>>> print(open('coords17.cif').read())   # mmCIF, C-alpha atoms
data_work
loop_
_atom_site.label_atom_id
_atom_site.label_comp_id
_atom_site.auth_asym_id
_atom_site.auth_seq_id
_atom_site.Cartn_x
_atom_site.Cartn_y
_atom_site.Cartn_z
CA MET A 1 -34.24 5.56 -7.29
CA SER A 2 -36.13 5.32 -3.99
CA SER A 3 -39.82 4.48 -3.63
CA PHE A 4 -40.50 8.22 -3.23
CA GLY A 5 -39.15 9.01 -6.69
CA VAL A 6 -35.96 10.63 -5.33
CA GLU A 7 -32.58 9.90 -6.98
CA LEU A 8 -30.25 8.44 -4.33
CA PRO A 9 -26.44 8.34 -4.65
CA ASP A 10 -24.85 4.93 -4.90
CA THR A 11 -23.15 3.35 -1.89
CA GLU A 12 -19.62 4.10 -3.16
CA THR A 13 -20.39 7.82 -3.38
CA LEU A 14 -21.73 7.85 0.17
CA LEU A 15 -18.66 6.05 1.52
CA ALA A 16 -16.31 8.42 -0.30
CA GLU A 17 -18.11 11.44 1.14
CA GLU A 18 -17.89 10.03 4.67
CA THR A 19 -14.13 9.53 4.45
CA ASP A 20 -13.55 13.10 3.25
CA VAL A 21 -14.22 14.52 6.74
CA LEU A 22 -11.22 16.69 7.54
CA MET A 23 -9.70 16.61 10.99
CA ALA A 24 -8.21 19.81 12.34
CA ALA A 25 -4.87 19.67 14.08
CA ARG A 26 -2.00 21.94 15.09
CA VAL A 27 1.77 21.76 15.24
CA ILE A 28 3.45 22.69 18.51
CA LEU A 29 7.13 23.65 18.46
CA TYR A 30 9.13 23.28 21.68
CA ASN A 31 12.10 25.37 22.77
CA ASP A 32 15.59 23.94 22.96
CA GLU A 33 19.04 25.27 23.71
CA ILE A 34 20.61 23.72 20.60
CA HIS A 35 19.31 25.70 17.63
CA THR A 36 20.00 29.35 16.84
CA PHE A 37 17.21 31.81 16.16
CA ASP A 38 18.24 31.94 12.51
CA GLU A 39 18.04 28.15 12.16
CA VAL A 40 14.56 28.08 13.69
CA ILE A 41 13.33 31.04 11.64
CA PHE A 42 14.62 29.56 8.37
CA GLN A 43 13.04 26.18 9.12
CA LEU A 44 9.72 27.81 10.06
CA MET A 45 9.75 29.69 6.76
CA LYS A 46 10.51 26.46 4.89
CA ALA A 47 7.83 24.46 6.73
CA THR A 48 4.98 26.97 6.91
CA GLY A 49 5.71 29.54 4.22
CA CYS A 50 5.69 32.34 6.80
CA SER A 51 7.63 35.56 6.30
CA ILE A 52 10.90 36.27 8.09
CA SER A 53 9.14 38.66 10.49
CA GLU A 54 6.46 36.05 11.28
CA GLY A 55 9.21 33.48 11.83
CA GLU A 56 11.01 35.87 14.19
CA GLN A 57 7.81 36.41 16.21
CA ILE A 58 7.20 32.67 16.49
CA ALA A 59 10.82 32.00 17.46
CA LEU A 60 10.60 34.68 20.18
CA GLU A 61 7.39 33.18 21.52
CA VAL A 62 8.94 29.70 21.61
CA ASP A 63 12.01 31.09 23.38
CA SER A 64 10.04 33.06 25.97
CA THR A 65 7.21 30.61 26.73
CA GLY A 66 8.84 27.27 25.95
CA LEU A 67 6.47 26.37 23.13
CA ALA A 68 4.20 27.82 20.46
CA CYS A 69 1.56 26.71 18.02
CA VAL A 70 3.28 27.25 14.68
CA PHE A 71 0.67 25.83 12.28
CA GLU A 72 -3.00 24.83 12.24
CA GLY A 73 -4.76 22.86 9.54
CA GLU A 74 -5.61 19.42 8.26
CA VAL A 75 -3.76 16.49 9.82
CA ALA A 76 -1.85 15.70 6.63
CA ASP A 77 -0.61 19.29 6.37
CA CYS A 78 0.37 19.31 10.04
CA LEU A 79 2.35 16.10 9.62
CA ARG A 80 4.14 17.63 6.62
CA VAL A 81 5.01 20.81 8.56
CA SER A 82 6.15 18.81 11.58
CA GLY A 83 8.34 16.62 9.38
CA ILE A 84 10.06 19.63 7.82
CA LEU A 85 10.71 21.18 11.24
CA GLU A 86 12.13 17.89 12.49
CA GLU A 87 14.57 17.70 9.55
CA ILE A 88 16.97 19.71 11.72
CA ALA A 89 15.95 17.91 14.93
CA LEU A 90 13.53 20.54 16.24
CA HIS A 91 11.11 19.01 18.73
CA THR A 92 7.46 19.16 17.61
CA GLU A 93 4.13 17.63 18.48
CA VAL A 94 0.97 17.33 16.37
CA ARG A 95 -2.11 17.85 18.55
CA PHE A 96 -5.69 17.00 17.59
#
>>> encode(input="coords17.cif", output="structure tokens")
Amino acid sequence: MSSFGVELPDTETLLAEETDVLMAARVILYNDEIHTFDEVIFQLMKATGCSISEGEQIALEVDSTGLACVFEGEVADCLRVSGILEEIALHTEVRF
């Protein structure tokens, strides 16, 4: 308790709260001439949980512009999504 009669959290609680700050990131998928549309769409569905029509739209964007943001969220989630996409050697980048 402080000298003002206010209950203060212990040091461990304060440190735990400070480390819970979540960092936003995004996964960028780059176009290549190796994978088929179906391969990319299936892997996007597996990695992000998107529908087949959402996967098709993303794959078209990647094909026409060279890259697309395919997922946004916490860093840990972005690393997971990127890892799943890279299982079939798709080229990704996690940006902060």
>>> closest_residue(input="coords17.cif", among="A:Ile41, A:Ile88, A:Leu22, A:Leu29", to="Thr65 of chain A", atoms="only C-alpha atoms")
A:Leu29
>>> resolve_selection(input="coords17.cif", expression="the PyMOL selection byres ((chain A and resi 93) around 6)", output="PDB file with C-alpha atoms, in the frame of the given file")
ATOM      1  CA  VAL A  27       1.770  21.760  15.240  1.00  0.00           C
ATOM      2  CA  ILE A  28       3.450  22.690  18.510  1.00  0.00           C
ATOM      3  CA  THR A  92       7.460  19.160  17.610  1.00  0.00           C
ATOM      4  CA  VAL A  94       0.970  17.330  16.370  1.00  0.00           C
TER       5      VAL A  94
END
>>> residues_around(input="coords17.cif", residues="Glu39 of chain A", least_positions_apart="5", cutoff="12 Å", atoms="only C-alpha atoms", output="list of chain:residue names")
A:Asp32, A:Glu33, A:Ile34, A:Leu44, A:Met45, A:Lys46, A:Ile52, A:Gly55, A:Glu56, A:Ala59, A:Leu85, A:Glu86, A:Glu87, A:Ile88, A:Ala89, A:Leu90
>>> residues_near_point(input="coords17.cif", point="(-9.4, 18.2, 9.5)", cutoff="6 Å", atoms="all atoms listed in the file", output="list of chain:residue names")
A:Leu22, A:Met23, A:Ala24, A:Glu74, A:Val75
>>> atom_distance(input="coords17.cif", atom1="atom CA of Ala76 of chain A", atom2="atom CA of Phe96 of chain A")
11.7 Å
>>> closest_residue(input="coords17.cif", among="A:Asn31, A:Ser64, A:Thr36, A:Gln43", to="His91 of chain A", atoms="all atoms listed in the file")
A:Asn31
>>> atom_distance(input="coords17.cif", atom1="atom CA of Gly49 of chain A", atom2="atom CA of Glu72 of chain A")
12.7 Å
>>> build_atoms(input="coords17.cif", residues="segment 36-52 of chain A", atoms="N, CA and C atoms", output="PDB file, keeping the file's coordinate frame")
ATOM      1  N   THR A  36      19.956  27.880  16.823  1.00  0.00           N
ATOM      2  CA  THR A  36      20.000  29.350  16.840  1.00  0.00           C
ATOM      3  C   THR A  36      18.650  29.891  16.367  1.00  0.00           C
ATOM      4  N   PHE A  37      18.422  31.168  16.643  1.00  0.00           N
ATOM      5  CA  PHE A  37      17.210  31.810  16.160  1.00  0.00           C
ATOM      6  C   PHE A  37      17.129  31.723  14.639  1.00  0.00           C
ATOM      7  N   ASP A  38      18.236  31.970  13.971  1.00  0.00           N
ATOM      8  CA  ASP A  38      18.240  31.940  12.510  1.00  0.00           C
ATOM      9  C   ASP A  38      17.880  30.558  11.974  1.00  0.00           C
ATOM     10  N   GLU A  39      18.385  29.502  12.602  1.00  0.00           N
ATOM     11  CA  GLU A  39      18.040  28.150  12.160  1.00  0.00           C
ATOM     12  C   GLU A  39      16.542  27.898  12.303  1.00  0.00           C
ATOM     13  N   VAL A  40      15.986  28.291  13.443  1.00  0.00           N
ATOM     14  CA  VAL A  40      14.560  28.080  13.690  1.00  0.00           C
ATOM     15  C   VAL A  40      13.725  28.912  12.726  1.00  0.00           C
ATOM     16  N   ILE A  41      14.079  30.161  12.537  1.00  0.00           N
ATOM     17  CA  ILE A  41      13.330  31.040  11.640  1.00  0.00           C
ATOM     18  C   ILE A  41      13.348  30.493  10.210  1.00  0.00           C
ATOM     19  N   PHE A  42      14.522  30.101   9.721  1.00  0.00           N
ATOM     20  CA  PHE A  42      14.620  29.560   8.370  1.00  0.00           C
ATOM     21  C   PHE A  42      13.759  28.308   8.219  1.00  0.00           C
ATOM     22  N   GLN A  43      13.800  27.419   9.216  1.00  0.00           N
ATOM     23  CA  GLN A  43      13.040  26.180   9.120  1.00  0.00           C
ATOM     24  C   GLN A  43      11.538  26.444   9.208  1.00  0.00           C
ATOM     25  N   LEU A  44      11.138  27.422  10.014  1.00  0.00           N
ATOM     26  CA  LEU A  44       9.720  27.810  10.060  1.00  0.00           C
ATOM     27  C   LEU A  44       9.253  28.342   8.716  1.00  0.00           C
ATOM     28  N   MET A  45      10.085  29.161   8.077  1.00  0.00           N
ATOM     29  CA  MET A  45       9.750  29.690   6.760  1.00  0.00           C
ATOM     30  C   MET A  45       9.615  28.555   5.742  1.00  0.00           C
ATOM     31  N   LYS A  46      10.530  27.608   5.797  1.00  0.00           N
ATOM     32  CA  LYS A  46      10.510  26.460   4.890  1.00  0.00           C
ATOM     33  C   LYS A  46       9.271  25.599   5.121  1.00  0.00           C
ATOM     34  N   ALA A  47       8.925  25.375   6.390  1.00  0.00           N
ATOM     35  CA  ALA A  47       7.830  24.460   6.730  1.00  0.00           C
ATOM     36  C   ALA A  47       6.450  25.075   6.540  1.00  0.00           C
ATOM     37  N   THR A  48       6.317  26.356   6.890  1.00  0.00           N
ATOM     38  CA  THR A  48       4.980  26.970   6.910  1.00  0.00           C
ATOM     39  C   THR A  48       4.762  28.010   5.821  1.00  0.00           C
ATOM     40  N   GLY A  49       5.847  28.475   5.212  1.00  0.00           N
ATOM     41  CA  GLY A  49       5.710  29.540   4.220  1.00  0.00           C
ATOM     42  C   GLY A  49       5.538  30.912   4.841  1.00  0.00           C
ATOM     43  N   CYS A  50       5.830  31.046   6.125  1.00  0.00           N
ATOM     44  CA  CYS A  50       5.690  32.340   6.800  1.00  0.00           C
ATOM     45  C   CYS A  50       6.813  33.281   6.355  1.00  0.00           C
ATOM     46  N   SER A  51       6.608  34.550   6.622  1.00  0.00           N
ATOM     47  CA  SER A  51       7.630  35.560   6.300  1.00  0.00           C
ATOM     48  C   SER A  51       8.716  35.520   7.370  1.00  0.00           C
ATOM     49  N   ILE A  52       9.799  36.218   7.105  1.00  0.00           N
ATOM     50  CA  ILE A  52      10.900  36.270   8.090  1.00  0.00           C
ATOM     51  C   ILE A  52      10.430  36.950   9.379  1.00  0.00           C
TER      52      ILE A  52
END
